[in-house]
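entry09.csv (CSV, C-alpha atoms)
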```csv
chain,number,residue,atom,x,y,z
A,19,MET,CA,-1.7,8.8,5.2
A,20,LYS,CA,1.3,6.6,4.5
A,21,ASP,CA,0.1,3.8,6.8
A,22,HIS,CA,-3.4,3.8,5.3
A,23,ALA,CA,-2.0,3.9,1.7
A,24,LEU,CA,0.5,1.1,2.4
A,25,LYS,CA,-2.2,-1.1,3.9
A,26,SER,CA,-4.4,-0.4,0.8
A,27,GLY,CA,-1.4,-1.2,-1.5
A,28,VAL,CA,-0.9,-4.5,0.2
A,29,ILE,CA,-4.6,-5.3,-0.1
A,30,LEU,CA,-4.6,-4.3,-3.8
A,31,GLY,CA,-1.4,-6.3,-4.4
A,32,VAL,CA,-3.0,-9.4,-2.8
A,33,VAL,CA,-6.2,-8.9,-4.9
A,34,GLY,CA,-4.0,-8.7,-8.0
A,35,ILE,CA,-2.2,-11.9,-7.1
A,36,LEU,CA,-5.6,-13.7,-6.5
A,37,ILE,CA,-6.9,-12.5,-9.9
A,38,SER,CA,-3.7,-13.6,-11.6
A,39,LEU,CA,-3.8,-17.0,-9.9
A,40,THR,CA,-7.4,-17.5,-10.8
A,41,ALA,CA,-6.7,-16.6,-14.4
A,42,TYR,CA,-3.7,-18.9,-14.4
A,43,ILE,CA,-5.7,-21.8,-13.1
A,44,ILE,CA,-8.6,-21.2,-15.5
A,45,ASP,CA,-6.5,-20.5,-18.6
A,46,PRO,CA,-3.0,-19.0,-18.4
A,47,LEU,CA,-3.6,-17.1,-21.7
A,48,LEU,CA,-6.4,-15.1,-20.1
A,49,ILE,CA,-3.7,-12.6,-18.9
A,50,ILE,CA,-3.1,-11.4,-22.5
A,51,LYS,CA,-6.7,-10.9,-23.4
A,52,TRP,CA,-7.6,-7.2,-23.8
A,53,TRP,CA,-10.8,-7.5,-21.8
A,54,PHE,CA,-9.0,-9.1,-18.9
A,55,GLY,CA,-6.6,-6.2,-18.7
A,56,LEU,CA,-9.3,-3.6,-19.0
A,57,SER,CA,-11.4,-5.3,-16.3
A,58,SER,CA,-8.5,-5.4,-14.0
A,59,LEU,CA,-7.7,-1.8,-14.6
A,60,VAL,CA,-11.3,-0.7,-13.8
A,61,LEU,CA,-11.3,-2.9,-10.7
A,62,PHE,CA,-8.0,-1.5,-9.5
A,63,ILE,CA,-9.0,2.2,-10.0
A,64,ALA,CA,-12.3,1.4,-8.3
A,65,LEU,CA,-10.5,-0.2,-5.3
A,66,VAL,CA,-7.9,2.6,-4.9
A,67,SER,CA,-10.7,5.2,-5.1
A,68,TYR,CA,-12.7,3.2,-2.5
A,69,PHE,CA,-9.8,3.0,-0.2
A,70,GLY,CA,-9.0,6.7,-0.8
A,71,ILE,CA,-12.6,7.7,0.1
A,72,GLN,CA,-12.3,5.7,3.3
A,73,TYR,CA,-9.2,7.6,4.1
A,74,ARG,CA,-10.9,10.9,3.2
A,75,GLU,CA,-13.7,10.1,5.7
A,76,ILE,CA,-11.1,9.4,8.4
A,77,LEU,CA,-9.8,12.9,7.8
A,78,GLY,CA,-13.2,14.4,8.3
A,79,GLY,CA,-14.7,14.1,4.8
A,80,PHE,CA,-12.4,16.5,2.9
A,81,VAL,CA,-9.1,16.0,1.1
A,82,SER,CA,-7.2,17.9,-1.6
A,83,PHE,CA,-6.5,16.5,-5.0
A,84,LYS,CA,-2.8,16.5,-4.1
A,85,ILE,CA,-3.3,14.3,-1.1
A,86,GLY,CA,-5.7,12.0,-3.1
A,87,TYR,CA,-3.1,11.7,-5.8
A,88,ILE,CA,-0.2,11.0,-3.4
A,89,TYR,CA,-2.4,8.4,-1.6
A,90,SER,CA,-3.2,6.8,-5.0
A,91,ILE,CA,0.3,6.7,-6.3
A,92,ILE,CA,1.6,5.1,-3.0
A,93,THR,CA,-1.1,2.5,-3.2
A,94,PHE,CA,-0.6,1.7,-6.9
A,95,VAL,CA,3.2,1.5,-6.6
A,96,LEU,CA,3.2,-0.9,-3.6
A,97,ALA,CA,0.6,-3.1,-5.3
A,98,GLY,CA,2.7,-3.0,-8.5
A,99,LEU,CA,5.8,-4.1,-6.5
A,100,ILE,CA,3.9,-7.0,-5.0
A,101,GLY,CA,2.6,-8.0,-8.4
A,102,THR,CA,6.0,-7.8,-10.0
A,103,ALA,CA,7.4,-10.0,-7.3
A,104,PHE,CA,4.6,-12.5,-7.8
A,105,ASN,CA,5.1,-12.5,-11.6
A,106,ILE,CA,8.8,-13.2,-11.1
A,107,LEU,CA,7.8,-16.1,-8.9
A,108,LEU,CA,5.2,-17.3,-11.4
A,109,PHE,CA,7.4,-17.2,-14.4
A,110,HIS,CA,10.6,-18.6,-12.8
A,111,VAL,CA,9.5,-20.9,-10.1
A,112,ILE,CA,5.8,-21.9,-10.4
A,113,ASP,CA,5.7,-22.4,-14.2
A,114,PRO,CA,9.0,-21.7,-16.0
A,115,ASP,CA,7.3,-22.8,-19.3
A,116,LEU,CA,4.6,-20.1,-19.1
A,117,PRO,CA,6.7,-17.3,-20.7
A,118,GLN,CA,7.2,-19.4,-23.8
A,119,LEU,CA,3.5,-20.2,-24.0
A,120,ILE,CA,2.5,-16.6,-23.6
A,121,SER,CA,5.2,-15.4,-26.1
A,122,GLU,CA,3.8,-17.8,-28.7
A,123,ALA,CA,0.2,-16.7,-28.1
A,124,ILE,CA,1.3,-13.0,-28.3
A,125,ILE,CA,3.0,-13.7,-31.7
A,126,GLU,CA,-0.1,-15.5,-32.9
A,127,GLN,CA,-2.4,-12.6,-31.9
A,128,THR,CA,0.0,-10.1,-33.5
A,129,ILE,CA,-0.1,-12.0,-36.8
A,130,GLU,CA,-3.9,-12.2,-36.7
A,131,MET,CA,-4.2,-8.5,-36.0
A,132,MET,CA,-1.8,-7.5,-38.7
A,133,GLU,CA,-3.4,-9.8,-41.2
A,134,GLY,CA,-6.8,-8.2,-40.2
A,135,PHE,CA,-5.3,-4.8,-41.0
A,136,GLY,CA,-4.1,-6.1,-44.4
A,137,ALA,CA,-0.3,-6.0,-43.6
A,138,ASN,CA,1.8,-7.8,-46.2
A,139,GLN,CA,3.9,-10.9,-45.1
A,140,GLU,CA,7.2,-8.9,-45.2
A,141,ILE,CA,5.9,-6.5,-42.6
A,142,ILE,CA,4.5,-9.3,-40.5
A,143,ASP,CA,7.8,-11.2,-40.6
A,144,GLN,CA,9.7,-8.0,-39.6
A,145,ALA,CA,7.3,-7.5,-36.6
A,146,ILE,CA,7.8,-11.0,-35.4
A,147,GLU,CA,11.5,-10.7,-35.8
A,148,ASP,CA,11.6,-7.5,-33.9
A,149,ALA,CA,9.4,-8.8,-31.1
A,150,ASP,CA,11.5,-10.0,-28.1
A,151,THR,CA,8.6,-11.2,-25.9
A,152,PRO,CA,10.7,-13.8,-24.0
A,153,ALA,CA,13.0,-11.1,-22.8
A,154,SER,CA,10.1,-9.3,-21.1
A,155,PHE,CA,9.6,-12.4,-18.8
A,156,THR,CA,13.2,-12.4,-17.4
A,157,VAL,CA,13.8,-10.8,-14.0
A,158,ILE,CA,15.4,-7.8,-15.6
A,159,GLY,CA,12.5,-7.7,-18.1
A,160,GLN,CA,10.0,-7.7,-15.3
A,161,ILE,CA,11.9,-4.9,-13.5
A,162,LYS,CA,12.0,-2.8,-16.7
A,163,SER,CA,8.3,-3.4,-17.3
A,164,PHE,CA,7.6,-2.2,-13.8
A,165,GLY,CA,9.5,1.0,-14.6
A,166,MET,CA,7.4,1.5,-17.6
A,167,VAL,CA,4.2,0.8,-15.7
A,168,LEU,CA,5.1,3.6,-13.2
A,169,ILE,CA,4.0,6.0,-16.0
A,170,PHE,CA,0.7,4.2,-16.2
A,171,TYR,CA,0.3,4.3,-12.4
A,172,THR,CA,0.8,8.1,-12.6
A,173,LEU,CA,-2.2,8.4,-15.0
A,174,MET,CA,-4.4,6.0,-12.9
A,175,SER,CA,-3.5,8.0,-9.8
A,176,LEU,CA,-4.7,11.2,-11.5
A,177,ILE,CA,-8.1,9.5,-12.1
A,178,SER,CA,-8.4,8.1,-8.6
A,179,GLY,CA,-7.1,11.3,-7.1
A,180,ALA,CA,-9.8,13.2,-8.8
A,181,ILE,CA,-12.4,10.8,-7.5
A,182,ILE,CA,-11.1,10.9,-4.0
A,183,LYS,CA,-10.8,14.7,-3.6
A,184,ARG,CA,-13.4,16.7,-1.9
A,185,LYS,CA,-12.9,20.4,-1.3
A,186,VAL,CA,-13.8,22.1,1.9
A,187,PRO,CA,-16.8,24.3,1.1
A,188,ASP,CA,-16.0,28.0,0.8
A,189,PHE,CA,-19.0,28.8,3.1
A,190,THR,CA,-21.4,26.8,5.2
A,191,GLU,CA,-25.1,27.6,5.8
```

Take the structure I supplied and represent it as structure tokens, if you would.
Amino acid sequence: MKDHALKSGVILGVVGILISLTAYIIDPLLIIKWWFGLSSLVLFIALVSYFGIQYREILGGFVSFKIGYIYSIITFVLAGLIGTAFNILLFHVIDPDLPQLISEAIIEQTIEMMEGFGANQEIIDQAIEDADTPASFTVIGQIKSFGMVLIFYTLMSLISGAIIKRKVPDFTE
């Protein structure tokens, strides 16, 4: 299982890098759009499920939820590590000005959203003051973000594990 999951994790990581590079080339601010994140999430769950179903077929067509879940978590974590390494490269080598650009766009989006909800200026100013978006782009910030994303990978693995599993029938005809 480990070899197949690791291979799938590398493929998923490369797909994530290609998606990020494409977005970066088209418009670097695409990566903070909600629909971009949701589309990537759906694609990643679909790919992990697809790879897991391929693995299930190698095993004879049946796999427990536990094995499907473990397979998924290995795949997501490896892809996440590859993606984090790429993000560090992107933010510190390829385009060191990108974190500032993204931080400013996030603040603008936050202001627009809070104004849309009717927040007063004092609350908006406090939210901007409390936001430390540039810190999330440092190497340490990226590593901390990866740690938080592990929780999310756990949830995504529950979904893909449920898709991958197929119980051995209790009886056959």

Checklist entry - Can you tell me, as a PyMOL selection string, what residues are no more than 6 Å from segment 95-106 of chain A when counting only C-alpha atoms, ignoring any on the same chain fewer than 5 positions away? => result chain A and resi 27-28+30-31

Item to check | Surrounding residues of Ile88 of chain A excluding itself and chain neighbours under 3 positions, 12 Å, all atoms listed in the file, as an MDAnalysis selection string | outcome: chainID A and resid 19:20 22:24 66 70 81:85 91:95 171:172 174:180 182:183

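Note that atom CA of Ile120 of chain A and atom CA of Thr156 of chain A are 13.1 Å apart.
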
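The two atoms in question, atom CA of Gly159 of chain A and atom CA of Glu147 of chain A, are spaced 18.0 Å apart.
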
Next on the checklist: For a quick check of understanding, using all atoms listed in the file, which of A:Gln118, A:Ser26, A:Thr40, A:Ser163 has the smallest distance to Phe62 of chain A?
Outcome noted: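 Closest candidate: A:Ser26.
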
Checklist entry - Which of these, A:Ile50, A:Ile29, A:Leu119, A:Ile37, has the shortest distance to Tyr68 of chain A once you count all atoms listed in the file? => result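 Distance minimum relative to Tyr68 of chain A lands on A:Ile29.
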
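With atom CA of Val32 of chain A on one side and atom CA of Leu65 of chain A on the other, the separation reads 12.1 Å.
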
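Shortest atom-to-atom contact with Gly78 of chain A among A:Thr151, A:Val167, A:Val186, A:Ile43: A:Val186, counting all atoms listed in the file.
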
Checklist outcome for this item: The residue from A:Gln127, A:Ile169, A:Lys162, A:Ala137 with the smallest atom-to-atom distance to Lys51 of chain A, counting only C-alpha atoms, is A:Gln127

Next on the checklist: Using all atoms listed in the file, can you tell me which of A:Leu56, A:Tyr87, A:Leu39, A:Pro46 comes closest to Ile71 of chain A?
Outcome noted: A:Tyr87

Please complete segment 93-104 of chain A with all heavy atoms and give it back as a PDB file, in the coordinates of the input.
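Written file, rebuild-v9.pdb:
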```
ATOM      1  N   THR A  93      -0.366   3.707  -3.153  1.00  0.00           N
ATOM      2  CA  THR A  93      -1.100   2.500  -3.200  1.00  0.00           C
ATOM      3  C   THR A  93      -0.793   1.673  -4.474  1.00  0.00           C
ATOM      4  O   THR A  93      -0.500   0.470  -4.418  1.00  0.00           O
ATOM      5  CB  THR A  93      -2.627   2.743  -3.110  1.00  0.00           C
ATOM      6  OG1 THR A  93      -2.892   3.485  -1.919  1.00  0.00           O
ATOM      7  CG2 THR A  93      -3.429   1.462  -3.094  1.00  0.00           C
ATOM      8  N   PHE A  94      -0.827   2.337  -5.629  1.00  0.00           N
ATOM      9  CA  PHE A  94      -0.600   1.700  -6.900  1.00  0.00           C
ATOM     10  C   PHE A  94       0.889   1.129  -6.958  1.00  0.00           C
ATOM     11  O   PHE A  94       1.117   0.006  -7.417  1.00  0.00           O
ATOM     12  CB  PHE A  94      -0.798   2.584  -8.092  1.00  0.00           C
ATOM     13  CG  PHE A  94      -2.227   2.676  -8.514  1.00  0.00           C
ATOM     14  CD1 PHE A  94      -2.878   3.905  -8.537  1.00  0.00           C
ATOM     15  CD2 PHE A  94      -2.947   1.557  -8.902  1.00  0.00           C
ATOM     16  CE1 PHE A  94      -4.198   4.010  -8.932  1.00  0.00           C
ATOM     17  CE2 PHE A  94      -4.272   1.645  -9.304  1.00  0.00           C
ATOM     18  CZ  PHE A  94      -4.898   2.876  -9.313  1.00  0.00           C
ATOM     19  N   VAL A  95       1.844   1.922  -6.523  1.00  0.00           N
ATOM     20  CA  VAL A  95       3.200   1.500  -6.600  1.00  0.00           C
ATOM     21  C   VAL A  95       3.500   0.288  -5.719  1.00  0.00           C
ATOM     22  O   VAL A  95       4.145  -0.676  -6.145  1.00  0.00           O
ATOM     23  CB  VAL A  95       4.207   2.659  -6.286  1.00  0.00           C
ATOM     24  CG1 VAL A  95       5.627   2.166  -6.099  1.00  0.00           C
ATOM     25  CG2 VAL A  95       4.155   3.708  -7.399  1.00  0.00           C
ATOM     26  N   LEU A  96       2.985   0.302  -4.500  1.00  0.00           N
ATOM     27  CA  LEU A  96       3.200  -0.900  -3.600  1.00  0.00           C
ATOM     28  C   LEU A  96       2.502  -2.098  -4.205  1.00  0.00           C
ATOM     29  O   LEU A  96       3.100  -3.182  -4.232  1.00  0.00           O
ATOM     30  CB  LEU A  96       2.654  -0.586  -2.211  1.00  0.00           C
ATOM     31  CG  LEU A  96       2.843  -1.735  -1.222  1.00  0.00           C
ATOM     32  CD1 LEU A  96       4.309  -2.148  -1.121  1.00  0.00           C
ATOM     33  CD2 LEU A  96       2.295  -1.364   0.134  1.00  0.00           C
ATOM     34  N   ALA A  97       1.286  -1.950  -4.692  1.00  0.00           N
ATOM     35  CA  ALA A  97       0.600  -3.100  -5.300  1.00  0.00           C
ATOM     36  C   ALA A  97       1.387  -3.583  -6.535  1.00  0.00           C
ATOM     37  O   ALA A  97       1.488  -4.792  -6.768  1.00  0.00           O
ATOM     38  CB  ALA A  97      -0.818  -2.679  -5.724  1.00  0.00           C
ATOM     39  N   GLY A  98       1.942  -2.662  -7.295  1.00  0.00           N
ATOM     40  CA  GLY A  98       2.700  -3.000  -8.500  1.00  0.00           C
ATOM     41  C   GLY A  98       4.002  -3.790  -8.081  1.00  0.00           C
ATOM     42  O   GLY A  98       4.398  -4.747  -8.757  1.00  0.00           O
ATOM     43  N   LEU A  99       4.657  -3.363  -7.009  1.00  0.00           N
ATOM     44  CA  LEU A  99       5.800  -4.100  -6.500  1.00  0.00           C
ATOM     45  C   LEU A  99       5.486  -5.506  -6.107  1.00  0.00           C
ATOM     46  O   LEU A  99       6.203  -6.460  -6.430  1.00  0.00           O
ATOM     47  CB  LEU A  99       6.493  -3.326  -5.371  1.00  0.00           C
ATOM     48  CG  LEU A  99       7.241  -2.052  -5.732  1.00  0.00           C
ATOM     49  CD1 LEU A  99       7.604  -1.275  -4.470  1.00  0.00           C
ATOM     50  CD2 LEU A  99       8.480  -2.371  -6.551  1.00  0.00           C
ATOM     51  N   ILE A 100       4.385  -5.640  -5.396  1.00  0.00           N
ATOM     52  CA  ILE A 100       3.900  -7.000  -5.000  1.00  0.00           C
ATOM     53  C   ILE A 100       3.597  -7.818  -6.193  1.00  0.00           C
ATOM     54  O   ILE A 100       3.974  -8.991  -6.275  1.00  0.00           O
ATOM     55  CB  ILE A 100       2.719  -6.838  -4.020  1.00  0.00           C
ATOM     56  CG1 ILE A 100       3.162  -6.216  -2.698  1.00  0.00           C
ATOM     57  CG2 ILE A 100       2.052  -8.191  -3.787  1.00  0.00           C
ATOM     58  CD1 ILE A 100       2.023  -5.782  -1.790  1.00  0.00           C
ATOM     59  N   GLY A 101       2.907  -7.231  -7.157  1.00  0.00           N
ATOM     60  CA  GLY A 101       2.600  -8.000  -8.400  1.00  0.00           C
ATOM     61  C   GLY A 101       3.780  -8.361  -9.187  1.00  0.00           C
ATOM     62  O   GLY A 101       3.836  -9.475  -9.724  1.00  0.00           O
ATOM     63  N   THR A 102       4.765  -7.493  -9.268  1.00  0.00           N
ATOM     64  CA  THR A 102       6.000  -7.800 -10.000  1.00  0.00           C
ATOM     65  C   THR A 102       6.733  -8.957  -9.312  1.00  0.00           C
ATOM     66  O   THR A 102       7.212  -9.885  -9.984  1.00  0.00           O
ATOM     67  CB  THR A 102       6.898  -6.569 -10.104  1.00  0.00           C
ATOM     68  OG1 THR A 102       6.188  -5.551 -10.828  1.00  0.00           O
ATOM     69  CG2 THR A 102       8.201  -6.885 -10.824  1.00  0.00           C
ATOM     70  N   ALA A 103       6.803  -8.930  -7.992  1.00  0.00           N
ATOM     71  CA  ALA A 103       7.400 -10.000  -7.300  1.00  0.00           C
ATOM     72  C   ALA A 103       6.711 -11.338  -7.515  1.00  0.00           C
ATOM     73  O   ALA A 103       7.340 -12.383  -7.734  1.00  0.00           O
ATOM     74  CB  ALA A 103       7.483  -9.714  -5.760  1.00  0.00           C
ATOM     75  N   PHE A 104       5.377 -11.279  -7.527  1.00  0.00           N
ATOM     76  CA  PHE A 104       4.600 -12.500  -7.800  1.00  0.00           C
ATOM     77  C   PHE A 104       4.857 -12.979  -9.231  1.00  0.00           C
ATOM     78  O   PHE A 104       5.002 -14.187  -9.464  1.00  0.00           O
ATOM     79  CB  PHE A 104       3.109 -12.258  -7.585  1.00  0.00           C
ATOM     80  CG  PHE A 104       2.288 -13.423  -8.059  1.00  0.00           C
ATOM     81  CD1 PHE A 104       2.244 -14.594  -7.323  1.00  0.00           C
ATOM     82  CD2 PHE A 104       1.594 -13.364  -9.254  1.00  0.00           C
ATOM     83  CE1 PHE A 104       1.513 -15.689  -7.768  1.00  0.00           C
ATOM     84  CE2 PHE A 104       0.862 -14.444  -9.708  1.00  0.00           C
ATOM     85  CZ  PHE A 104       0.817 -15.610  -8.963  1.00  0.00           C
TER      86      PHE A 104
END
```
